[in-house]
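As provided, coords_24.csv (CSV, C-alpha atoms) reads as follows.
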chain,number,residue,atom,x,y,z
O,9,MET,CA,-15.1,0.8,9.4
O,10,TYR,CA,-12.1,2.7,8.2
O,11,ILE,CA,-8.7,1.8,9.7
O,12,VAL,CA,-5.8,4.2,9.6
O,13,TYR,CA,-2.3,2.7,9.6
O,14,GLY,CA,-0.3,5.7,10.9
O,15,MET,CA,2.1,7.2,13.3
O,16,SER,CA,0.3,9.6,15.6
O,17,ALA,CA,3.2,12.1,15.8
O,18,SER,CA,3.4,12.4,12.0
O,19,GLY,CA,1.7,15.4,10.5
O,20,ASN,CA,0.8,13.5,7.4
O,21,CYS,CA,-1.0,10.9,9.5
O,22,HIS,CA,-2.6,13.5,11.8
O,23,LYS,CA,-4.3,15.0,8.7
O,24,LEU,CA,-6.5,11.9,8.6
O,25,ARG,CA,-7.4,12.0,12.3
O,26,MET,CA,-8.5,15.7,11.7
O,27,VAL,CA,-10.6,14.8,8.7
O,28,LEU,CA,-12.2,11.7,10.3
O,29,GLU,CA,-13.0,13.6,13.5
O,30,SER,CA,-14.3,16.6,11.7
O,31,LEU,CA,-16.6,14.5,9.6
O,32,GLY,CA,-17.7,12.4,12.6
O,33,LEU,CA,-16.7,9.2,10.9
O,34,PRO,CA,-16.0,6.1,13.0
O,35,TYR,CA,-12.5,4.7,12.5
O,36,GLY,CA,-9.8,2.5,14.0
O,37,TRP,CA,-6.1,3.4,14.3
O,38,THR,CA,-3.2,1.0,14.0
O,39,GLU,CA,-0.1,2.6,15.2
O,40,ILE,CA,2.9,2.1,12.9
O,41,ASN,CA,6.3,3.4,14.0
O,42,SER,CA,8.0,4.5,10.8
O,43,VAL,CA,11.0,5.8,12.7
O,44,ALA,CA,11.6,2.2,14.0
O,45,GLY,CA,11.4,0.8,10.4
O,46,GLU,CA,7.8,-0.6,10.6
O,47,THR,CA,7.0,0.8,7.2
O,48,ARG,CA,9.7,-1.3,5.6
O,49,THR,CA,8.6,-4.7,6.7
O,50,ARG,CA,7.3,-7.2,4.1
O,51,GLU,CA,3.9,-7.1,5.7
O,52,PHE,CA,3.6,-3.3,5.5
O,53,LEU,CA,5.0,-3.2,1.9
O,54,ALA,CA,2.2,-5.5,0.9
O,55,ILE,CA,-0.3,-2.8,1.9
O,56,ASN,CA,1.8,0.1,0.5
O,57,ALA,CA,4.6,-0.8,-1.9
O,58,ASN,CA,5.9,2.8,-1.4
O,59,GLY,CA,6.6,2.1,2.3
O,60,LYS,CA,5.0,5.1,3.8
O,61,VAL,CA,2.3,6.0,6.3
O,62,PRO,CA,-0.5,6.9,6.4
O,63,VAL,CA,-2.5,4.2,4.6
O,64,LEU,CA,-6.3,4.0,4.8
O,65,GLU,CA,-8.0,0.6,4.9
O,66,ILE,CA,-11.3,1.3,3.2
O,67,GLU,CA,-12.6,-2.2,3.6
O,68,PRO,CA,-10.7,-5.4,4.5
O,69,GLY,CA,-7.9,-5.8,2.0
O,70,LEU,CA,-8.6,-2.5,0.1
O,71,TYR,CA,-5.9,0.1,0.9
O,72,LEU,CA,-5.3,3.7,-0.2
O,73,PRO,CA,-2.0,5.5,0.5
O,74,GLU,CA,-0.9,9.1,0.2
O,75,SER,CA,-2.3,11.4,2.9
O,76,ASN,CA,-3.6,14.1,0.6
O,77,ALA,CA,-5.3,11.6,-1.7
O,78,ILE,CA,-6.9,9.9,1.3
O,79,MET,CA,-8.2,13.3,2.5
O,80,ALA,CA,-9.7,14.0,-0.9
O,81,TYR,CA,-11.3,10.6,-0.8
O,82,LEU,CA,-12.8,11.1,2.6
O,83,ALA,CA,-13.9,14.7,2.0
O,84,ASP,CA,-15.5,14.0,-1.3
O,85,GLY,CA,-19.1,15.2,-1.2
O,86,THR,CA,-18.7,17.0,2.2
O,87,ALA,CA,-18.3,20.6,3.3
O,88,LEU,CA,-14.5,20.0,3.6
O,89,MET,CA,-14.2,19.8,-0.3
O,90,PRO,CA,-15.7,22.4,-2.6
O,91,THR,CA,-17.9,21.2,-5.5
O,92,GLU,CA,-17.1,24.1,-7.9
O,93,ARG,CA,-14.5,23.2,-10.5
O,94,LEU,CA,-12.0,26.0,-9.9
O,95,GLU,CA,-12.3,25.8,-6.1
O,96,ARG,CA,-11.6,22.1,-6.3
O,97,ALA,CA,-8.5,22.8,-8.3
O,98,ARG,CA,-7.4,25.5,-5.8
O,99,VAL,CA,-7.7,22.9,-3.0
O,100,LEU,CA,-5.5,20.6,-5.0
O,101,GLN,CA,-3.1,23.5,-5.8
O,102,TRP,CA,-2.5,23.9,-2.0
O,103,LEU,CA,-2.3,20.2,-1.4
O,104,PHE,CA,0.5,19.9,-4.0
O,105,PHE,CA,2.2,23.0,-2.6
O,106,GLU,CA,2.1,21.3,0.8
O,107,GLN,CA,3.7,18.1,-0.4
O,108,TYR,CA,6.3,19.7,-2.7
O,109,SER,CA,7.3,23.1,-1.2
O,110,HIS,CA,6.4,22.8,2.5
O,111,GLU,CA,6.6,19.2,3.9
O,112,PRO,CA,10.1,18.3,2.5
O,113,TYR,CA,11.5,21.3,4.5
O,114,ILE,CA,9.3,21.9,7.5
O,115,ALA,CA,8.4,18.3,8.3
O,116,VAL,CA,11.9,17.0,7.5
O,117,ALA,CA,13.6,19.6,9.7
O,118,ARG,CA,11.2,18.6,12.5
O,119,TYR,CA,11.9,14.9,11.9
O,120,PHE,CA,15.7,15.3,12.3
O,121,ARG,CA,15.4,17.6,15.4
O,122,ARG,CA,12.7,15.5,17.2
O,123,PHE,CA,13.1,11.9,16.0
O,124,HIS,CA,16.8,11.4,14.9
O,125,PRO,CA,18.8,9.6,17.6
O,126,ASP,CA,21.6,12.2,17.3
O,127,PRO,CA,20.1,15.5,16.1
O,128,ASP,CA,23.4,17.4,16.5
O,129,SER,CA,25.0,15.2,13.8
O,130,GLN,CA,22.2,16.4,11.5
O,131,ARG,CA,22.8,20.1,12.0
O,132,ASP,CA,23.9,20.8,8.4
O,133,VAL,CA,20.9,18.9,6.9
O,134,ILE,CA,18.5,20.8,9.3
O,135,ALA,CA,20.1,24.2,8.4
O,136,SER,CA,19.7,23.3,4.7
O,137,LYS,CA,16.0,23.0,5.1
O,138,MET,CA,15.4,26.5,6.7
O,139,PRO,CA,15.5,28.9,3.7
O,140,ALA,CA,12.9,26.9,1.6
O,141,GLY,CA,10.8,26.2,4.7
O,142,ASN,CA,10.7,29.9,5.5
O,143,ARG,CA,9.8,30.7,1.9
O,144,ALA,CA,6.8,28.4,2.1
O,145,LEU,CA,5.7,30.0,5.3
O,146,GLN,CA,6.0,33.4,3.7
O,147,VAL,CA,3.8,32.3,0.7
O,148,MET,CA,1.2,31.1,3.2
O,149,ASP,CA,1.4,34.2,5.4
O,150,ASP,CA,1.0,36.5,2.3
O,151,HIS,CA,-2.1,34.5,1.2
O,152,LEU,CA,-3.6,34.4,4.7
O,153,ARG,CA,-3.3,38.2,5.1
O,154,ALA,CA,-6.1,38.5,2.6
O,155,ASN,CA,-7.9,35.2,3.2
O,156,ALA,CA,-9.4,33.7,6.4
O,157,PHE,CA,-8.8,30.2,4.9
O,158,PHE,CA,-6.9,28.8,1.9
O,159,VAL,CA,-9.8,28.3,-0.5
O,160,GLY,CA,-13.2,29.9,-0.9
O,161,GLY,CA,-13.3,31.7,2.4
O,162,ARG,CA,-14.0,28.5,4.4
O,163,TYR,CA,-12.4,25.5,6.1
O,164,THR,CA,-11.4,22.7,3.7
O,165,ILE,CA,-8.8,19.9,3.5
O,166,ALA,CA,-6.4,22.5,2.1
O,167,ASP,CA,-6.3,24.0,5.6
O,168,ILE,CA,-6.0,20.6,7.3
O,169,ALA,CA,-3.1,19.7,5.0
O,170,LEU,CA,-1.2,22.8,5.8
O,171,TYR,CA,-2.1,22.9,9.5
O,172,ALA,CA,-0.6,19.4,10.1
O,173,TYR,CA,3.1,20.4,10.0
O,174,THR,CA,2.7,24.2,10.3
O,175,HIS,CA,1.4,24.1,13.8
O,176,VAL,CA,4.5,22.1,14.9
O,177,ALA,CA,6.9,24.0,12.7
O,178,ASP,CA,8.6,25.4,15.9
O,179,GLU,CA,9.8,21.8,16.6
O,180,GLY,CA,11.6,22.1,13.2
O,181,GLY,CA,13.3,25.3,14.3
O,182,PHE,CA,11.0,27.7,12.5
O,183,ASP,CA,9.9,30.9,14.2
O,184,LEU,CA,6.1,31.3,13.7
O,185,THR,CA,6.0,34.7,15.5
O,186,LEU,CA,7.4,36.1,12.2
O,187,PHE,CA,4.2,35.1,10.5
O,188,PRO,CA,1.3,36.7,12.2
O,189,ALA,CA,-1.3,35.8,9.6
O,190,ILE,CA,-0.4,32.1,9.9
O,191,THR,CA,-0.6,32.3,13.7
O,192,ALA,CA,-4.1,33.8,13.5
O,193,TRP,CA,-5.2,31.2,11.0
O,194,LEU,CA,-3.9,28.3,13.3
O,195,ARG,CA,-6.2,29.6,15.9
O,196,ARG,CA,-9.1,29.7,13.4
O,197,VAL,CA,-8.4,26.0,12.5
O,198,GLU,CA,-8.3,25.1,16.2
O,199,ALA,CA,-11.7,26.8,16.7
O,200,GLN,CA,-13.4,24.4,14.2
O,201,PRO,CA,-16.0,22.0,15.5
O,202,ARG,CA,-14.5,18.6,16.5
O,203,TYR,CA,-11.0,19.9,16.1
O,204,VAL,CA,-8.6,17.3,17.5
O,205,ARG,CA,-5.1,17.9,18.8
O,206,MET,CA,-2.1,15.8,17.7
O,207,PRO,CA,-1.7,13.2,20.4
O,208,ALA,CA,1.1,14.0,22.9
O,209,GLN,CA,4.2,11.8,22.4
S,6,MET,CA,-8.1,30.7,-24.6
S,7,TYR,CA,-5.9,29.0,-22.1
S,8,ILE,CA,-2.3,30.3,-21.9
S,9,VAL,CA,0.5,28.1,-20.4
S,10,TYR,CA,3.4,29.8,-18.8
S,11,GLY,CA,6.0,27.1,-18.9
S,12,MET,CA,9.4,25.9,-19.9
S,13,SER,CA,9.1,23.3,-22.7
S,14,ALA,CA,12.0,21.1,-21.5
S,15,SER,CA,10.4,20.8,-18.0
S,16,GLY,CA,8.5,17.6,-17.5
S,17,ASN,CA,6.1,19.4,-15.1
S,18,CYS,CA,5.3,21.8,-17.9
S,19,HIS,CA,5.1,19.1,-20.6
S,20,LYS,CA,2.3,17.4,-18.7
S,21,LEU,CA,0.1,20.4,-19.6
S,22,ARG,CA,1.0,20.2,-23.3
S,23,MET,CA,0.1,16.5,-23.2
S,24,VAL,CA,-3.3,17.1,-21.6
S,25,LEU,CA,-4.2,20.0,-23.8
S,26,GLU,CA,-3.3,18.2,-27.0
S,27,SER,CA,-5.0,15.0,-25.8
S,28,LEU,CA,-8.2,16.9,-25.2
S,29,GLY,CA,-7.9,19.0,-28.4
S,30,LEU,CA,-8.1,22.2,-26.4
S,31,PRO,CA,-6.8,25.4,-28.0
S,32,TYR,CA,-4.0,27.1,-26.0
S,33,GLY,CA,-1.2,29.5,-26.2
S,34,TRP,CA,2.3,28.9,-24.7
S,35,THR,CA,4.5,31.6,-23.1
S,36,GLU,CA,8.0,30.2,-22.7
S,37,ILE,CA,9.5,31.0,-19.3
S,38,ASN,CA,13.1,30.0,-18.7
S,39,SER,CA,13.2,29.0,-15.0
S,40,VAL,CA,16.9,28.0,-15.3
S,41,ALA,CA,17.7,31.7,-16.2
S,42,GLY,CA,15.7,33.0,-13.2
S,43,GLU,CA,12.6,34.0,-15.1
S,44,THR,CA,10.3,32.5,-12.4
S,45,ARG,CA,11.8,34.8,-9.7
S,46,THR,CA,11.0,38.2,-11.3
S,47,ARG,CA,8.5,40.5,-9.7
S,48,GLU,CA,6.3,40.1,-12.7
S,49,PHE,CA,6.2,36.3,-12.5
S,50,LEU,CA,5.8,36.2,-8.7
S,51,ALA,CA,2.6,38.3,-9.2
S,52,ILE,CA,1.1,35.3,-11.2
S,53,ASN,CA,2.6,32.6,-8.9
S,54,ALA,CA,3.9,33.7,-5.5
S,55,ASN,CA,5.6,30.3,-5.2
S,56,GLY,CA,7.9,31.1,-8.2
S,57,LYS,CA,7.4,28.0,-10.2
S,58,VAL,CA,6.3,26.9,-13.6
S,59,PRO,CA,3.9,25.8,-15.0
S,60,VAL,CA,1.1,28.3,-14.4
S,61,LEU,CA,-2.2,28.1,-16.4
S,62,GLU,CA,-3.9,31.4,-17.3
S,63,ILE,CA,-7.6,30.4,-17.3
S,64,GLU,CA,-8.8,33.8,-18.4
S,65,PRO,CA,-7.1,37.1,-18.4
S,66,GLY,CA,-5.7,37.7,-14.8
S,67,LEU,CA,-6.9,34.3,-13.4
S,68,TYR,CA,-4.0,32.0,-12.8
S,69,LEU,CA,-3.7,28.4,-11.5
S,70,PRO,CA,-0.2,27.0,-10.5
S,71,GLU,CA,0.9,23.4,-9.7
S,72,SER,CA,1.1,21.1,-12.7
S,73,ASN,CA,-0.9,18.2,-11.2
S,74,ALA,CA,-3.7,20.5,-9.9
S,75,ILE,CA,-3.8,22.1,-13.4
S,76,MET,CA,-4.1,18.7,-15.0
S,77,ALA,CA,-6.9,17.7,-12.7
S,78,TYR,CA,-8.7,21.0,-13.6
S,79,LEU,CA,-8.3,20.5,-17.3
S,80,ALA,CA,-9.3,16.8,-17.2
S,81,ASP,CA,-12.3,17.2,-15.0
S,82,GLY,CA,-15.3,15.7,-16.8
S,83,THR,CA,-13.2,14.1,-19.5
S,84,ALA,CA,-12.0,10.6,-20.2
S,85,LEU,CA,-8.6,11.5,-18.7
S,86,MET,CA,-10.2,11.6,-15.2
S,87,PRO,CA,-12.3,8.9,-13.8
S,88,THR,CA,-15.7,9.8,-12.2
S,89,GLU,CA,-15.9,6.9,-9.7
S,90,ARG,CA,-14.9,8.0,-6.2
S,91,LEU,CA,-12.1,5.4,-5.5
S,92,GLU,CA,-10.7,5.7,-9.0
S,93,ARG,CA,-10.5,9.5,-8.6
S,94,ALA,CA,-8.6,8.9,-5.3
S,95,ARG,CA,-6.3,6.4,-7.0
S,96,VAL,CA,-5.4,9.0,-9.7
S,97,LEU,CA,-4.6,11.5,-6.9
S,98,GLN,CA,-2.6,8.8,-5.1
S,99,TRP,CA,-0.3,8.5,-8.1
S,100,LEU,CA,-0.1,12.3,-8.6
S,101,PHE,CA,1.1,12.7,-5.1
S,102,PHE,CA,3.5,9.8,-5.5
S,103,GLU,CA,4.9,11.5,-8.5
S,104,GLN,CA,5.4,14.9,-6.8
S,105,TYR,CA,6.8,13.4,-3.5
S,106,SER,CA,8.6,10.2,-4.3
S,107,HIS,CA,9.5,10.5,-8.0
S,108,GLU,CA,10.0,14.1,-9.2
S,109,PRO,CA,12.4,15.2,-6.4
S,110,TYR,CA,14.8,12.5,-7.4
S,111,ILE,CA,14.4,11.8,-11.1
S,112,ALA,CA,13.6,15.3,-12.3
S,113,VAL,CA,16.2,16.8,-10.0
S,114,ALA,CA,19.0,14.4,-11.2
S,115,ARG,CA,18.1,15.3,-14.8
S,116,TYR,CA,18.1,19.0,-14.0
S,117,PHE,CA,21.6,18.9,-12.6
S,118,ARG,CA,23.0,16.7,-15.4
S,119,ARG,CA,21.3,18.6,-18.3
S,120,PHE,CA,20.8,22.2,-17.1
S,121,HIS,CA,23.4,23.0,-14.5
S,122,PRO,CA,26.3,25.0,-15.9
S,123,ASP,CA,28.9,22.7,-14.3
S,124,PRO,CA,27.3,19.2,-13.9
S,125,ASP,CA,30.6,17.7,-12.7
S,126,SER,CA,30.5,19.9,-9.6
S,127,GLN,CA,27.1,18.4,-8.8
S,128,ARG,CA,28.2,14.7,-8.9
S,129,ASP,CA,27.5,14.1,-5.2
S,130,VAL,CA,24.0,15.7,-5.4
S,131,ILE,CA,23.2,13.7,-8.5
S,132,ALA,CA,24.5,10.4,-6.9
S,133,SER,CA,22.4,11.1,-3.8
S,134,LYS,CA,19.2,11.1,-5.9
S,135,MET,CA,19.8,7.7,-7.5
S,136,PRO,CA,18.6,5.2,-4.7
S,137,ALA,CA,15.2,6.9,-4.1
S,138,GLY,CA,14.8,7.5,-7.9
S,139,ASN,CA,15.3,3.8,-8.6
S,140,ARG,CA,13.0,2.8,-5.7
S,141,ALA,CA,10.2,5.0,-7.3
S,142,LEU,CA,10.9,3.3,-10.7
S,143,GLN,CA,10.6,-0.1,-9.0
S,144,VAL,CA,7.3,0.8,-7.5
S,145,MET,CA,6.0,1.8,-10.9
S,146,ASP,CA,7.4,-1.3,-12.6
S,147,ASP,CA,5.9,-3.6,-10.1
S,148,HIS,CA,2.5,-1.9,-10.6
S,149,LEU,CA,2.7,-1.9,-14.4
S,150,ARG,CA,3.5,-5.7,-14.5
S,151,ALA,CA,-0.1,-6.3,-13.5
S,152,ASN,CA,-1.7,-3.1,-15.0
S,153,ALA,CA,-1.7,-1.6,-18.5
S,154,PHE,CA,-2.1,1.9,-17.1
S,155,PHE,CA,-1.9,3.3,-13.6
S,156,VAL,CA,-5.6,3.5,-12.7
S,157,GLY,CA,-8.7,1.6,-13.9
S,158,GLY,CA,-7.0,0.0,-16.9
S,159,ARG,CA,-7.1,3.1,-19.0
S,160,TYR,CA,-5.1,6.2,-19.9
S,161,THR,CA,-5.6,9.0,-17.3
S,162,ILE,CA,-3.7,12.0,-16.0
S,163,ALA,CA,-1.9,9.6,-13.6
S,164,ASP,CA,-0.1,8.2,-16.7
S,165,ILE,CA,0.7,11.6,-18.0
S,166,ALA,CA,2.0,12.8,-14.7
S,167,LEU,CA,4.4,9.8,-14.4
S,168,TYR,CA,5.3,9.8,-18.1
S,169,ALA,CA,6.6,13.4,-18.1
S,170,TYR,CA,9.9,12.7,-16.2
S,171,THR,CA,10.0,8.9,-16.6
S,172,HIS,CA,10.5,9.0,-20.4
S,173,VAL,CA,13.5,11.3,-19.9
S,174,ALA,CA,14.8,9.5,-16.8
S,175,ASP,CA,17.9,8.3,-18.8
S,176,GLU,CA,18.9,12.0,-19.0
S,177,GLY,CA,19.1,11.8,-15.1
S,178,GLY,CA,21.3,8.8,-15.3
S,179,PHE,CA,18.6,6.2,-14.7
S,180,ASP,CA,18.7,2.9,-16.7
S,181,LEU,CA,15.2,2.2,-17.9
S,182,THR,CA,16.3,-1.1,-19.5
S,183,LEU,CA,16.1,-2.5,-15.9
S,184,PHE,CA,12.4,-1.8,-15.8
S,185,PRO,CA,10.7,-3.6,-18.7
S,186,ALA,CA,7.1,-3.0,-17.6
S,187,ILE,CA,7.8,0.7,-17.5
S,188,THR,CA,9.4,0.6,-21.0
S,189,ALA,CA,6.3,-1.2,-22.4
S,190,TRP,CA,4.0,1.3,-20.7
S,191,LEU,CA,6.0,4.3,-22.2
S,192,ARG,CA,5.2,2.9,-25.7
S,193,ARG,CA,1.5,2.5,-24.8
S,194,VAL,CA,1.4,6.2,-23.7
S,195,GLU,CA,3.1,7.2,-26.9
S,196,ALA,CA,0.5,5.3,-28.9
S,197,GLN,CA,-2.4,7.4,-27.5
S,198,PRO,CA,-4.3,9.6,-30.0
S,199,ARG,CA,-2.8,13.1,-30.2
S,200,TYR,CA,0.3,12.1,-28.2
S,201,VAL,CA,2.8,15.0,-28.4
S,202,ARG,CA,6.6,14.7,-27.9
S,203,MET,CA,8.5,17.0,-25.6
S,204,PRO,CA,9.9,19.7,-27.9
S,205,ALA,CA,13.6,19.2,-28.7
S,206,GLN,CA,15.9,21.6,-27.0
Would you encode the structure as structure tokens?
Amino acid sequence: MYIVYGMSASGNCHKLRMVLESLGLPYGWTEINSVAGETRTREFLAINANGKVPVLEIEPGLYLPESNAIMAYLADGTALMPTERLERARVLQWLFFEQYSHEPYIAVARYFRRFHPDPDSQRDVIASKMPAGNRALQVMDDHLRANAFFVGGRYTIADIALYAYTHVADEGGFDLTLFPAITAWLRRVEAQPRYVRMPAQ
Amino acid sequence: MYIVYGMSASGNCHKLRMVLESLGLPYGWTEINSVAGETRTREFLAINANGKVPVLEIEPGLYLPESNAIMAYLADGTALMPTERLERARVLQWLFFEQYSHEPYIAVARYFRRFHPDPDSQRDVIASKMPAGNRALQVMDDHLRANAFFVGGRYTIADIALYAYTHVADEGGFDLTLFPAITAWLRRVEAQPRYVRMPAQ
């Protein structure tokens, strides 16, 4: 059985919960509190030298890190990952967009506002994340004005990757009411079979 | 014929030159100077709404952005991309490591030192990139002490992705002599058939 090492309130970790539930795969979940330094212990670094969650234990002692690589692994051969060559590349395009142009602004602003012991002291850092975060949301909104989902007109791991932090972007100080196509798409994601909410913290 | 829209001195763009040359694929190259704002014109935003190079023109009017997604597209079905499920996921693992934990520190420090009109004014930003950049290099060095290449014991796009900015990390102020396994691996990459140097600027 798969075991996820993850922090439930992390969007990157929630991606895996969404994929595993969507595919109806059995899994265990070992909660790791990265805010409390649990990804920097010697024990954890032995399963991911890069010191980040999530990590998927595929079988005892066999570990795969990087949320988007894990999603691609789990979704391989399922309806969540296209088989056509260009559509596969488009899914990867959005996964890399998410990790490079979206997460470092939207997830990081949320992190400082929600999880930092003194968010007020981080006001400048948080403010510095807003312009690029809003640009990423605008790129998504423009795309979703003409497309029900990110790739190929149907629900894939590209949608799950971008849903993970977008649906809690308000916790980072972003105003989603400015992006109506995103808001409508969030509801379409939530209407998918076996959709699972991020656990309340 | 494929056309790359790219900046030759950019590691992200150089990845595509390395893959295309390695595979012996014919291609054209349209130089785009992102430092001079050429990725923010209306014309360029029409081919990549996210305003970044490289972009691959697959056929007239059909564009694919994101360097690592383009590499995966080009390498699909070739020796540069494994076919086994877990090995494919491991390649993606390192591609996401590169974009999230490596490029934002090593490439960005190099950018400010080499391409900023007044690098001295950016001393604090550059210094802020060093610890995480060195951590990424340490993760690579540790892995390469036990492995000739990143995945499956042979040359793949994971090596190309990480080579692109690592081989010019000294231009970002990183001391590669501290990482002997990386240095030996750089030479192994350079010994590959049809290896191509980053064009001199």
Using all atoms listed in the file, what table do you get, as CSV, when you list each residue of chain S with an atom no more than 6 Å from chain O, its nearest pair of atoms, and their distance in Å rounded to one decimal, rows by chain then rising number?
residue,atom,partner,partner_atom,distance
S:Glu71,CA,O:Gln101,CA,5.6
S:Ala74,CA,O:Gln101,CA,5.1
S:Tyr78,CA,O:Ala97,CA,5.6
S:Ala94,CA,O:Tyr81,CA,5.5
S:Leu97,CA,O:Ala77,CA,5.2
S:Gln98,CA,O:Ala77,CA,5.2
inquiry  = I need the residue nearest O:Tyr163 from this list: O:Leu64, O:Val197, O:Val116, O:Val43. Use only C-alpha atoms for the distance.
reply    =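 Of the candidates, the smallest distance to O:Tyr163 is held by O:Val197.
One finds atom CA of S:Lys57 at 13.1 Å from atom CA of O:Ala140.
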request  = Excluding stretch 24-33 of chain O and any residue of its chain fewer than 2 positions from it, enumerate the residues within 10 Å of it, using only C-alpha atoms, and give them as a PyMOL selection string.
outcome  = chain O and resi 9-10+12+14+16+19-22+35-37+62-64+75-76+78-80+82-83+86-88+164-165+168-169+171-172+200-207
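Taking only C-alpha atoms into account, O:Thr91 lies nearest to O:Val159 out of the set O:Met15, O:Leu70, O:Ile190, O:Val159.
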task = Work out how far atom CA of S:Phe184 is from atom CA of S:Leu149, in Å to one decimal.
result =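 We find that atom CA of S:Leu149 and atom CA of S:Phe184 lie 9.8 Å from each other.
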